[in-house]
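A.B. asks: Once you've had a glance at the structure underneath, I'll fire off some questions.
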Amino acid sequence: MTFVKARRLIDSMRAGEQGILRISSGEPLENLPRSIEELGHKVLGIAPDGQYYLLTFIKA
């Protein structure tokens, strides 16, 4: 489900625009950054945010 939400955000963005996703630990934290990069986008960083993480990326 997390990838579907991420993909909707990415599809609504323009090239060069920065996006931020709040994701949980475990599988989303392990897989989503890799999936975003496989789509050709650049992951800028992952930072803890309470019980979640903020994944920042730029759309290619």
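Residue numbering restarts at 1 for every chain of the structure tokens, chains are lettered A, B, ... in their displayed order, and ligands are numbered from 1 as they appear.
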Chain A: which residues are strand (DSSP E or B) by DSSP, as an MDAnalysis selection string?
C.D. replies: chainID A and resid 18:23 42:49 52:58
A.B. asks: If we count only C-alpha atoms, what is near Met1 of chain A at a cut-off of 12 Å, once residues fewer than 6 positions away on the same chain are taken out, given as a PyMOL selection string?
C.D. replies: chain A and resi 7-8+23-24+27-28+32
A.B. asks: Identify, on the basis of only C-alpha atoms, every residue whose closest approach to segment 33-46 of chain A does not exceed 8 Å; exclude the query and any residue fewer than 5 positions from it along the same chain; express the result as a ChimeraX atom specification.
C.D. replies: /A:53-60
A.B. asks: Distance atom CA of Gln51 of chain A-atom CA of Gly16 of chain A, one decimal place?
C.D. replies: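 Atom CA of Gly16 of chain A lies 28.7 Å from atom CA of Gln51 of chain A.
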A.B. asks: From the DSSP assignment of the backbone, select every residue of segment 5-57 of chain A that is alpha helix (DSSP H), and format the answer as a ChimeraX atom specification.
C.D. replies: /A:5-12,27-38
A.B. asks: Could you check how far atom CA of Glu30 of chain A sits from atom CA of Arg14 of chain A, in Å to one decimal?
C.D. replies: 25.4 Å
A.B. asks: What is the distance between atom CA of Ser25 of chain A and atom CA of Tyr52 of chain A, in Å to one decimal?
C.D. replies: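 Straight-line distance from atom CA of Ser25 of chain A to atom CA of Tyr52 of chain A works out to 6.6 Å.
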